[in-house]
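The data block below is data36.cif; it holds mmCIF, C-alpha atoms.
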data_structure
loop_
_atom_site.group_PDB
_atom_site.id
_atom_site.type_symbol
_atom_site.label_atom_id
_atom_site.label_comp_id
_atom_site.auth_asym_id
_atom_site.auth_seq_id
_atom_site.Cartn_x
_atom_site.Cartn_y
_atom_site.Cartn_z
ATOM 1 C CA MET P 10 -3.514 27.571 17.164
ATOM 2 C CA ASP P 11 -4.491 27.292 13.498
ATOM 3 C CA THR P 12 -6.216 23.985 12.771
ATOM 4 C CA GLN P 13 -4.709 24.062 9.272
ATOM 5 C CA PHE P 14 -1.324 23.630 10.936
ATOM 6 C CA LEU P 15 -2.654 20.593 12.801
ATOM 7 C CA GLN P 16 -4.029 19.164 9.547
ATOM 8 C CA SER P 17 -0.657 19.588 7.861
ATOM 9 C CA PHE P 18 1.128 17.825 10.725
ATOM 10 C CA VAL P 19 -1.313 14.897 10.705
ATOM 11 C CA SER P 20 -1.122 14.632 6.907
ATOM 12 C CA VAL P 21 2.690 14.490 6.963
ATOM 13 C CA VAL P 22 2.648 11.706 9.573
ATOM 14 C CA GLU P 23 0.031 9.711 7.652
ATOM 15 C CA ALA P 24 1.740 10.235 4.282
ATOM 16 C CA GLY P 25 5.270 9.703 5.561
ATOM 17 C CA SER P 26 6.704 12.594 3.563
ATOM 18 C CA LEU P 27 6.266 16.315 3.029
ATOM 19 C CA ALA P 28 5.880 15.840 -0.730
ATOM 20 C CA GLU P 29 3.048 13.322 -0.442
ATOM 21 C CA ALA P 30 1.276 15.401 2.215
ATOM 22 C CA ALA P 31 1.571 18.432 -0.048
ATOM 23 C CA ARG P 32 0.046 16.481 -2.934
ATOM 24 C CA ARG P 33 -2.887 15.354 -0.795
ATOM 25 C CA LEU P 34 -3.555 18.873 0.505
ATOM 26 C CA ASP P 35 -2.911 20.536 -2.864
ATOM 27 C CA LEU P 36 -0.121 22.691 -1.426
ATOM 28 C CA THR P 37 3.617 23.007 -1.990
ATOM 29 C CA PRO P 38 6.067 21.089 0.224
ATOM 30 C CA ALA P 39 7.465 24.453 1.358
ATOM 31 C CA ALA P 40 4.021 25.552 2.552
ATOM 32 C CA ILE P 41 3.535 22.287 4.458
ATOM 33 C CA ALA P 42 6.967 22.638 6.070
ATOM 34 C CA ALA P 43 6.213 26.226 7.077
ATOM 35 C CA ARG P 44 2.937 25.187 8.712
ATOM 36 C CA VAL P 45 4.587 22.423 10.688
ATOM 37 C CA ARG P 46 7.376 24.751 11.817
ATOM 38 C CA ALA P 47 4.793 27.280 12.994
ATOM 39 C CA LEU P 48 3.030 24.540 14.962
ATOM 40 C CA GLU P 49 6.312 23.401 16.510
ATOM 41 C CA GLN P 50 7.104 26.983 17.531
ATOM 42 C CA ASP P 51 3.647 27.373 19.053
ATOM 43 C CA LEU P 52 4.034 24.162 21.072
ATOM 44 C CA GLY P 53 7.694 24.707 21.829
ATOM 45 C CA THR P 54 8.887 21.257 20.757
ATOM 46 C CA PRO P 55 9.893 19.389 17.545
ATOM 47 C CA LEU P 56 7.105 17.191 16.166
ATOM 48 C CA LEU P 57 8.791 15.590 13.136
ATOM 49 C CA ARG P 58 12.175 14.062 12.358
ATOM 50 C CA ARG P 59 13.852 12.797 9.230
ATOM 51 C CA ALA P 60 14.305 9.030 8.877
ATOM 52 C CA GLY P 61 16.096 8.415 5.599
ATOM 53 C CA ARG P 62 13.747 9.436 2.810
ATOM 54 C CA HIS P 63 10.780 9.549 5.141
ATOM 55 C CA VAL P 64 9.502 11.814 7.887
ATOM 56 C CA LYS P 65 8.389 10.348 11.210
ATOM 57 C CA PRO P 66 6.899 11.884 14.355
ATOM 58 C CA THR P 67 9.066 12.540 17.382
ATOM 59 C CA GLU P 68 7.971 11.233 20.782
ATOM 60 C CA ALA P 69 6.143 14.513 21.355
ATOM 61 C CA GLY P 70 4.542 14.191 17.917
ATOM 62 C CA LEU P 71 3.351 10.687 18.681
ATOM 63 C CA ARG P 72 1.868 11.781 21.997
ATOM 64 C CA MET P 73 -0.254 14.474 20.370
ATOM 65 C CA LEU P 74 -1.092 12.693 17.089
ATOM 66 C CA GLU P 75 -4.356 11.040 18.146
ATOM 67 C CA ARG P 76 -5.467 14.130 20.059
ATOM 68 C CA ALA P 77 -4.817 16.215 16.939
ATOM 69 C CA ARG P 78 -6.970 13.852 14.871
ATOM 70 C CA LEU P 79 -9.815 14.187 17.365
ATOM 71 C CA VAL P 80 -9.555 17.986 17.337
ATOM 72 C CA LEU P 81 -9.743 18.013 13.541
ATOM 73 C CA ARG P 82 -12.734 15.724 13.650
ATOM 74 C CA ASP P 83 -14.495 17.996 16.139
ATOM 75 C CA VAL P 84 -13.882 20.947 13.836
ATOM 76 C CA ARG P 85 -15.417 19.033 10.904
ATOM 77 C CA ASP P 86 -18.407 18.171 13.092
ATOM 78 C CA LEU P 87 -18.901 21.815 14.041
ATOM 79 C CA ARG P 88 -18.882 22.845 10.410
ATOM 80 C CA ALA P 89 -21.282 20.078 9.453
ATOM 81 C CA SER P 90 -23.695 20.851 12.300
ATOM 82 C CA ALA P 91 -23.951 24.454 11.045
ATOM 83 C CA SER P 92 -25.280 23.218 7.700
ATOM 84 C CA ASP P 93 -29.017 22.603 7.394
ATOM 85 C CA ASP P 94 -28.637 19.920 4.715
ATOM 86 C CA ALA P 95 -25.849 17.813 6.272
ATOM 87 C CA PRO P 96 -25.930 15.199 9.016
ATOM 88 C CA LEU P 97 -23.906 15.693 12.158
ATOM 89 C CA GLY P 98 -20.289 15.480 11.079
ATOM 90 C CA GLU P 99 -18.183 12.506 10.106
ATOM 91 C CA LEU P 100 -19.120 8.922 10.927
ATOM 92 C CA ARG P 101 -16.090 6.799 11.786
ATOM 93 C CA VAL P 102 -16.745 3.140 10.967
ATOM 94 C CA GLY P 103 -14.598 0.166 11.916
ATOM 95 C CA VAL P 104 -14.853 -2.906 9.690
ATOM 96 C CA SER P 105 -13.238 -6.285 10.172
ATOM 97 C CA VAL P 106 -10.993 -7.046 7.220
ATOM 98 C CA SER P 107 -13.049 -10.060 6.076
ATOM 99 C CA ALA P 108 -16.128 -7.828 5.693
ATOM 100 C CA LEU P 109 -14.557 -4.974 3.741
ATOM 101 C CA THR P 110 -15.366 -6.197 0.237
ATOM 102 C CA GLY P 111 -18.498 -8.268 0.781
ATOM 103 C CA VAL P 112 -20.363 -6.319 3.449
ATOM 104 C CA MET P 113 -19.428 -2.660 3.234
ATOM 105 C CA PRO P 114 -20.384 -1.710 -0.358
ATOM 106 C CA PRO P 115 -24.116 -2.569 -0.027
ATOM 107 C CA VAL P 116 -24.241 -1.123 3.506
ATOM 108 C CA LEU P 117 -22.716 2.177 2.418
ATOM 109 C CA THR P 118 -25.004 2.285 -0.611
ATOM 110 C CA ARG P 119 -28.025 2.178 1.695
ATOM 111 C CA LEU P 120 -26.527 4.669 4.106
ATOM 112 C CA TYR P 121 -25.785 7.214 1.357
ATOM 113 C CA ARG P 122 -29.321 6.917 0.032
ATOM 114 C CA ARG P 123 -30.497 8.166 3.408
ATOM 115 C CA TYR P 124 -27.679 10.678 3.972
ATOM 116 C CA PRO P 125 -26.272 11.737 0.575
ATOM 117 C CA SER P 126 -23.915 14.294 2.158
ATOM 118 C CA LEU P 127 -22.599 12.000 4.876
ATOM 119 C CA SER P 128 -18.838 11.857 5.364
ATOM 120 C CA VAL P 129 -17.600 8.391 6.339
ATOM 121 C CA TYR P 130 -14.156 7.305 7.465
ATOM 122 C CA VAL P 131 -13.606 3.525 7.323
ATOM 123 C CA GLU P 132 -10.946 1.939 9.511
ATOM 124 C CA PRO P 133 -10.161 -1.738 8.791
ATOM 125 C CA GLY P 134 -8.698 -4.033 11.413
ATOM 126 C CA THR P 135 -9.166 -7.116 13.539
ATOM 127 C CA SER P 136 -12.277 -7.407 15.676
ATOM 128 C CA SER P 137 -10.243 -7.097 18.867
ATOM 129 C CA HIS P 138 -8.524 -3.935 17.665
ATOM 130 C CA LEU P 139 -11.761 -2.344 16.474
ATOM 131 C CA TYR P 140 -13.562 -3.212 19.702
ATOM 132 C CA HIS P 141 -10.965 -1.272 21.683
ATOM 133 C CA ARG P 142 -11.059 1.562 19.135
ATOM 134 C CA THR P 143 -14.828 1.825 19.584
ATOM 135 C CA VAL P 144 -14.781 1.683 23.375
ATOM 136 C CA GLY P 145 -11.910 4.162 23.360
ATOM 137 C CA GLY P 146 -14.032 6.683 21.437
ATOM 138 C CA HIS P 147 -11.917 6.647 18.277
ATOM 139 C CA VAL P 148 -14.566 4.825 16.216
ATOM 140 C CA ASP P 149 -18.332 5.451 16.399
ATOM 141 C CA VAL P 150 -19.552 2.086 15.178
ATOM 142 C CA ALA P 151 -17.885 -1.161 14.110
ATOM 143 C CA PHE P 152 -18.832 -4.364 12.314
ATOM 144 C CA ILE P 153 -16.931 -7.073 14.200
ATOM 145 C CA VAL P 154 -17.083 -10.533 15.729
ATOM 146 C CA GLN P 155 -19.225 -10.510 18.866
ATOM 147 C CA PRO P 156 -17.046 -10.071 21.961
ATOM 148 C CA GLN P 157 -17.138 -12.981 24.407
ATOM 149 C CA PHE P 158 -17.632 -10.695 27.400
ATOM 150 C CA ALA P 159 -20.096 -8.104 28.619
ATOM 151 C CA LEU P 160 -20.006 -4.713 26.957
ATOM 152 C CA PRO P 161 -19.428 -1.619 29.084
ATOM 153 C CA LYS P 162 -22.342 0.723 29.749
ATOM 154 C CA GLY P 163 -23.130 3.112 26.952
ATOM 155 C CA TYR P 164 -22.547 0.639 24.115
ATOM 156 C CA GLY P 165 -25.068 -1.322 22.073
ATOM 157 C CA TRP P 166 -24.736 -4.611 20.209
ATOM 158 C CA ARG P 167 -26.792 -6.062 17.362
ATOM 159 C CA THR P 168 -26.071 -9.527 15.957
ATOM 160 C CA ILE P 169 -26.375 -9.400 12.175
ATOM 161 C CA VAL P 170 -25.223 -12.773 10.872
ATOM 162 C CA GLU P 171 -24.172 -16.161 12.269
ATOM 163 C CA GLU P 172 -21.394 -18.151 10.602
ATOM 164 C CA PRO P 173 -20.802 -21.792 11.618
ATOM 165 C CA LEU P 174 -17.287 -23.184 11.423
ATOM 166 C CA VAL P 175 -16.622 -25.330 8.346
ATOM 167 C CA VAL P 176 -13.627 -27.096 6.874
ATOM 168 C CA LEU P 177 -12.412 -25.675 3.572
ATOM 169 C CA ALA P 178 -10.799 -28.232 1.255
ATOM 170 C CA HIS P 179 -9.737 -28.606 -2.351
ATOM 171 C CA PRO P 180 -12.311 -30.767 -4.212
ATOM 172 C CA ASP P 181 -9.601 -33.332 -5.064
ATOM 173 C CA VAL P 182 -9.097 -34.204 -1.376
ATOM 174 C CA ALA P 183 -12.501 -33.371 0.096
ATOM 175 C CA THR P 184 -14.430 -36.115 1.912
ATOM 176 C CA ASN P 185 -17.480 -36.056 4.153
ATOM 177 C CA ASP P 186 -15.293 -36.560 7.232
ATOM 178 C CA ALA P 187 -14.213 -33.101 8.415
ATOM 179 C CA HIS P 188 -12.153 -34.469 11.314
ATOM 180 C CA GLN P 189 -10.263 -36.834 9.039
ATOM 181 C CA LEU P 190 -9.455 -34.003 6.653
ATOM 182 C CA MET P 191 -8.006 -31.884 9.454
ATOM 183 C CA SER P 192 -6.024 -34.811 10.864
ATOM 184 C CA GLN P 193 -4.534 -36.091 7.615
ATOM 185 C CA GLN P 194 -4.179 -33.120 5.258
ATOM 186 C CA PRO P 195 -1.737 -30.213 5.651
ATOM 187 C CA PHE P 196 -3.465 -27.616 7.790
ATOM 188 C CA ILE P 197 -3.706 -23.859 7.245
ATOM 189 C CA ARG P 198 -4.519 -22.370 10.622
ATOM 190 C CA TYR P 199 -6.666 -19.267 10.998
ATOM 191 C CA ASP P 200 -4.605 -16.866 13.124
ATOM 192 C CA ARG P 201 -5.271 -17.440 16.823
ATOM 193 C CA ALA P 202 -4.904 -13.720 17.448
ATOM 194 C CA ALA P 203 -8.272 -13.299 15.684
ATOM 195 C CA TRP P 204 -11.408 -14.117 17.652
ATOM 196 C CA GLY P 205 -12.584 -16.512 14.928
ATOM 197 C CA GLY P 206 -9.168 -18.194 14.966
ATOM 198 C CA ARG P 207 -9.433 -18.738 18.716
ATOM 199 C CA MET P 208 -12.813 -20.369 18.205
ATOM 200 C CA ALA P 209 -11.336 -22.764 15.631
ATOM 201 C CA ASP P 210 -8.379 -23.548 17.911
ATOM 202 C CA ARG P 211 -10.722 -24.285 20.809
ATOM 203 C CA TYR P 212 -12.705 -26.737 18.629
ATOM 204 C CA LEU P 213 -9.534 -28.579 17.610
ATOM 205 C CA ARG P 214 -8.386 -28.940 21.212
ATOM 206 C CA GLN P 215 -11.807 -30.014 22.485
ATOM 207 C CA HIS P 216 -11.927 -32.812 19.909
ATOM 208 C CA GLY P 217 -8.311 -33.907 20.296
ATOM 209 C CA ILE P 218 -7.407 -33.044 16.705
ATOM 210 C CA ARG P 219 -3.710 -32.381 16.135
ATOM 211 C CA PRO P 220 -3.402 -31.133 12.567
ATOM 212 C CA HIS P 221 -0.240 -31.182 10.477
ATOM 213 C CA GLU P 222 0.097 -27.437 10.574
ATOM 214 C CA ARG P 223 1.655 -25.907 7.479
ATOM 215 C CA LEU P 224 1.205 -22.228 8.284
ATOM 216 C CA GLU P 225 -0.829 -19.771 10.350
ATOM 217 C CA ILE P 226 -2.228 -16.637 8.776
ATOM 218 C CA ASP P 227 -4.774 -13.909 9.398
ATOM 219 C CA GLY P 228 -7.000 -13.291 6.390
ATOM 220 C CA LEU P 229 -9.926 -15.472 5.341
ATOM 221 C CA MET P 230 -9.652 -14.654 1.645
ATOM 222 C CA ALA P 231 -5.953 -15.487 1.716
ATOM 223 C CA ILE P 232 -6.729 -18.811 3.408
ATOM 224 C CA ALA P 233 -9.366 -19.624 0.785
ATOM 225 C CA SER P 234 -6.928 -18.839 -2.018
ATOM 226 C CA MET P 235 -4.331 -21.160 -0.494
ATOM 227 C CA VAL P 236 -6.885 -23.947 -0.127
ATOM 228 C CA ARG P 237 -7.844 -23.482 -3.778
ATOM 229 C CA GLU P 238 -4.176 -23.936 -4.710
ATOM 230 C CA GLY P 239 -4.106 -27.253 -2.850
ATOM 231 C CA LEU P 240 -1.819 -26.084 -0.035
ATOM 232 C CA GLY P 241 -3.992 -27.604 2.663
ATOM 233 C CA VAL P 242 -7.332 -27.518 4.453
ATOM 234 C CA SER P 243 -8.561 -25.025 7.027
ATOM 235 C CA LEU P 244 -11.172 -24.575 9.758
ATOM 236 C CA VAL P 245 -12.812 -21.182 9.411
ATOM 237 C CA PRO P 246 -16.189 -19.436 9.771
ATOM 238 C CA ASP P 247 -18.470 -19.907 6.761
ATOM 239 C CA TRP P 248 -18.251 -16.197 5.997
ATOM 240 C CA ALA P 249 -18.772 -16.089 2.204
ATOM 241 C CA PRO P 250 -20.500 -19.298 1.054
ATOM 242 C CA ASP P 251 -21.537 -18.061 -2.392
ATOM 243 C CA TRP P 252 -18.039 -16.824 -3.210
ATOM 244 C CA LEU P 253 -16.402 -19.991 -1.884
ATOM 245 C CA ASP P 254 -18.747 -22.084 -4.009
ATOM 246 C CA SER P 255 -18.008 -19.942 -7.060
ATOM 247 C CA ILE P 256 -14.240 -20.548 -6.853
ATOM 248 C CA GLY P 257 -14.698 -24.297 -6.448
ATOM 249 C CA ILE P 258 -13.742 -24.810 -2.792
ATOM 250 C CA ALA P 259 -15.470 -27.603 -0.882
ATOM 251 C CA ARG P 260 -17.124 -26.548 2.383
ATOM 252 C CA VAL P 261 -17.296 -29.604 4.627
ATOM 253 C CA PRO P 262 -19.609 -29.386 7.659
ATOM 254 C CA LEU P 263 -18.428 -30.513 11.078
ATOM 255 C CA PRO P 264 -19.931 -33.800 12.288
ATOM 256 C CA ASP P 265 -21.486 -32.313 15.419
ATOM 257 C CA THR P 266 -23.025 -28.962 16.253
ATOM 258 C CA ALA P 267 -20.609 -26.417 14.858
ATOM 259 C CA PRO P 268 -19.466 -23.432 16.901
ATOM 260 C CA VAL P 269 -20.865 -20.226 15.475
ATOM 261 C CA ARG P 270 -19.084 -16.936 14.881
ATOM 262 C CA ARG P 271 -21.572 -14.123 15.384
ATOM 263 C CA MET P 272 -20.879 -10.992 13.395
ATOM 264 C CA GLY P 273 -22.610 -7.796 14.347
ATOM 265 C CA VAL P 274 -22.406 -4.123 15.112
ATOM 266 C CA ILE P 275 -21.177 -2.400 18.257
ATOM 267 C CA TRP P 276 -21.798 1.313 18.688
ATOM 268 C CA ALA P 277 -21.665 4.075 21.260
ATOM 269 C CA THR P 278 -25.244 4.911 22.261
ATOM 270 C CA GLN P 279 -24.665 8.192 24.083
ATOM 271 C CA THR P 280 -22.589 10.309 21.694
ATOM 272 C CA PRO P 281 -23.497 13.016 19.142
ATOM 273 C CA HIS P 282 -23.050 10.381 16.408
ATOM 274 C CA ALA P 283 -25.424 7.820 17.961
ATOM 275 C CA THR P 284 -28.209 8.553 15.452
ATOM 276 C CA LEU P 285 -25.864 8.020 12.515
ATOM 277 C CA SER P 286 -24.507 4.865 14.137
ATOM 278 C CA GLU P 287 -28.026 3.478 14.511
ATOM 279 C CA ALA P 288 -28.663 4.284 10.854
ATOM 280 C CA PHE P 289 -25.546 2.256 10.032
ATOM 281 C CA VAL P 290 -26.941 -0.648 12.095
ATOM 282 C CA GLU P 291 -30.227 -0.526 10.174
ATOM 283 C CA ALA P 292 -28.427 -0.353 6.831
ATOM 284 C CA THR P 293 -26.268 -3.348 7.773
ATOM 285 C CA GLU P 294 -29.278 -5.425 8.802
ATOM 286 C CA ALA P 295 -31.129 -4.604 5.570
ATOM 287 C CA ALA P 296 -28.112 -5.249 3.335
ATOM 288 C CA MET P 297 -27.359 -8.606 4.943
ATOM 289 C CA SER P 298 -31.017 -9.617 4.743
ATOM 290 C CA ASP P 299 -31.094 -8.797 1.028
ATOM 291 C CA ALA P 300 -27.893 -10.802 0.538
ATOM 292 C CA GLY P 301 -29.507 -13.855 2.137
ATOM 293 C CA ALA P 302 -26.989 -14.034 4.988
ATOM 294 C CA HIS P 303 -27.828 -16.334 7.882
ATOM 295 C CA ALA P 304 -29.779 -14.297 10.384
ATOM 296 C CA PRO P 305 -29.482 -15.173 14.093
ATOM 297 C CA GLY P 306 -31.176 -18.501 14.725
ATOM 298 C CA ASP P 307 -31.247 -19.366 11.020
ATOM 299 C CA ILE P 308 -28.118 -21.496 10.652
ATOM 300 C CA GLN P 309 -28.143 -24.051 7.851
ATOM 301 C CA ALA P 310 -25.642 -26.762 7.074
ATOM 302 C CA PRO P 311 -23.178 -25.655 4.379
ATOM 303 C CA SER P 312 -23.128 -27.350 1.024
ATOM 304 C CA HIS P 313 -20.440 -29.981 0.363
ATOM 305 C CA GLN P 314 -18.830 -30.053 -3.043
ATOM 306 C CA LYS P 315 -16.814 -32.977 -4.291
#

Write out the structure in this file as structure tokens.
Amino acid sequence: MDTQFLQSFVSVVEAGSLAEAARRLDLTPAAIAARVRALEQDLGTPLLRRAGRHVKPTEAGLRMLERARLVLRDVRDLRASASDDAPLGELRVGVSVSALTGVMPPVLTRLYRRYPSLSVYVEPGTSSHLYHRTVGGHVDVAFIVQPQFALPKGYGWRTIVEEPLVVLAHPDVATNDAHQLMSQQPFIRYDRAAWGGRMADRYLRQHGIRPHERLEIDGLMAIASMVREGLGVSLVPDWAPDWLDSIGIARVPLPDTAPVRRMGVIWATQTPHATLSEAFVEATEAAMSDAGAHAPGDIQAPSHQK
């Protein structure tokens, strides 16, 4: 089996069309189609089907898609390991969506200083999704919310930053009473499917607060933007204090000890990419330290703007 045929199949599925896959691979659509047909003949089953203007995988195509990606990754690793001046293959990094813009650029800058030829694939997602992707072997290392259960053997964890829950409010309605804000103002709920959203929901229930819920959404930057527009208040981790201050959002501390969302890195410790994963951990720690993020055990009360 020619791995170029596998690459063409995966590219068509990811692009959704032969034309876009051809553009990405710098080939003609006819060449891509010929490769996929050859792969289908080799396997003895159709892998793609037309769906309107798009191309989608058949059931057989779906079953082999992830395995095909892993095979292609192994091939890239073999090629990289044969080079004296390249690290071992491609590092697959999972990053929670809230950390993509603020955390990843300085981390990757440090990582590339150490490994200029490193190939990195970044997969965004929720912490829960990326945890399972890491444990399932699809991702080498991930920056996520700390799981609330024991990790399986063969996986490491390093807490990087601690983020206490705070109430976000528009300055026109902000007071020093966080509970009153959540009880009286329209409430923008952090999605309970996210681990941080579950933490906020648990706090509300423990304190008997029944907010006037306006909407529920996953996405901390989206929530902050809605608060800035005066659509309501929200209970979220204090994940980007400098940015929140810069756009004029009040961060109101909770009256008692605030629950803390711990962000950190999970990685597989017994794989060929373990050394690169540990380098990613070190780069993340250094970048967050330079940024002045709250290290474990160094929680401070957030500022309150009015």

Practice item. Quick one: apply the PyMOL selection byres ((chain P and resi 261) around 7) to the file and drop the selected residues here as a list in words. Key: Val175, Val176, Leu177, Asn185, Ala187, Ala259, Arg260, Pro262, Leu263 and His313 of chain P

**Study point:** Given the PyMOL selection byres ((chain P and resi 231-234) around 12), the residues it picks as an MDAnalysis selection string
**Key:** chainID P and resid 106:107 175:179 196:200 206 223:230 235:250 252:260

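Minimum atom-to-atom distances from P:Val148, P:Leu117, P:Ala183, P:Leu56 to Ala77 in chain P were compared using all atoms listed in the file, and the lowest value belongs to P:Leu56.
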
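Across the model, the gap from CA of Asp299 in chain P to CA of Ile169 in chain P is 12.1 Å.
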
Exercise for review: Excluding Glu29 in chain P and residues on its chain fewer than 3 positions from it, collect all residues at most 12 Å away from it, counting only C-alpha atoms, and give them as number ranges by chain.
Suggested key: P: 17, 20-26, 32-38, 41, 62-64

Any chance you can output those residues with C-alpha atoms as an mmCIF file, keeping the file's coordinate frame?
data_model
loop_
_atom_site.group_PDB
_atom_site.id
_atom_site.type_symbol
_atom_site.label_atom_id
_atom_site.label_comp_id
_atom_site.auth_asym_id
_atom_site.auth_seq_id
_atom_site.Cartn_x
_atom_site.Cartn_y
_atom_site.Cartn_z
ATOM 1 C CA SER P 17 -0.657 19.588 7.861
ATOM 2 C CA SER P 20 -1.122 14.632 6.907
ATOM 3 C CA VAL P 21 2.690 14.490 6.963
ATOM 4 C CA VAL P 22 2.648 11.706 9.573
ATOM 5 C CA GLU P 23 0.031 9.711 7.652
ATOM 6 C CA ALA P 24 1.740 10.235 4.282
ATOM 7 C CA GLY P 25 5.270 9.703 5.561
ATOM 8 C CA SER P 26 6.704 12.594 3.563
ATOM 9 C CA ARG P 32 0.046 16.481 -2.934
ATOM 10 C CA ARG P 33 -2.887 15.354 -0.795
ATOM 11 C CA LEU P 34 -3.555 18.873 0.505
ATOM 12 C CA ASP P 35 -2.911 20.536 -2.864
ATOM 13 C CA LEU P 36 -0.121 22.691 -1.426
ATOM 14 C CA THR P 37 3.617 23.007 -1.990
ATOM 15 C CA PRO P 38 6.067 21.089 0.224
ATOM 16 C CA ILE P 41 3.535 22.287 4.458
ATOM 17 C CA ARG P 62 13.747 9.436 2.810
ATOM 18 C CA HIS P 63 10.780 9.549 5.141
ATOM 19 C CA VAL P 64 9.502 11.814 7.887
#

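Interatomic distance, CA of Asp251 in chain P against CA of Gln157 in chain P: 27.6 Å.
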
Within 7 Å of range 278-282 of chain P, counting all atoms listed in the file, which residues qualify if same-chain residues fewer than 4 places away don't, as a compact mmCIF listing (two decimals) with C-alpha atoms, keeping the file's coordinate frame?
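Saved as out.txt:
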# COMPACT_ATOMS: atom_id res chain seq x y z
CA LEU P 97 -23.91 15.69 12.16
CA LEU P 100 -19.12 8.92 10.93
CA ASP P 149 -18.33 5.45 16.40
CA GLY P 163 -23.13 3.11 26.95
CA TYR P 164 -22.55 0.64 24.12
CA GLY P 165 -25.07 -1.32 22.07
CA SER P 286 -24.51 4.86 14.14

Point to revise | Counting only C-alpha atoms, the option among P:Gly111, P:Gly205, P:Pro220, P:Gly70 closest to Pro268 in chain P | key: P:Gly205

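Taking CA of Val19 in chain P and CA of Gln50 in chain P as the two end points, the separation is 16.2 Å.
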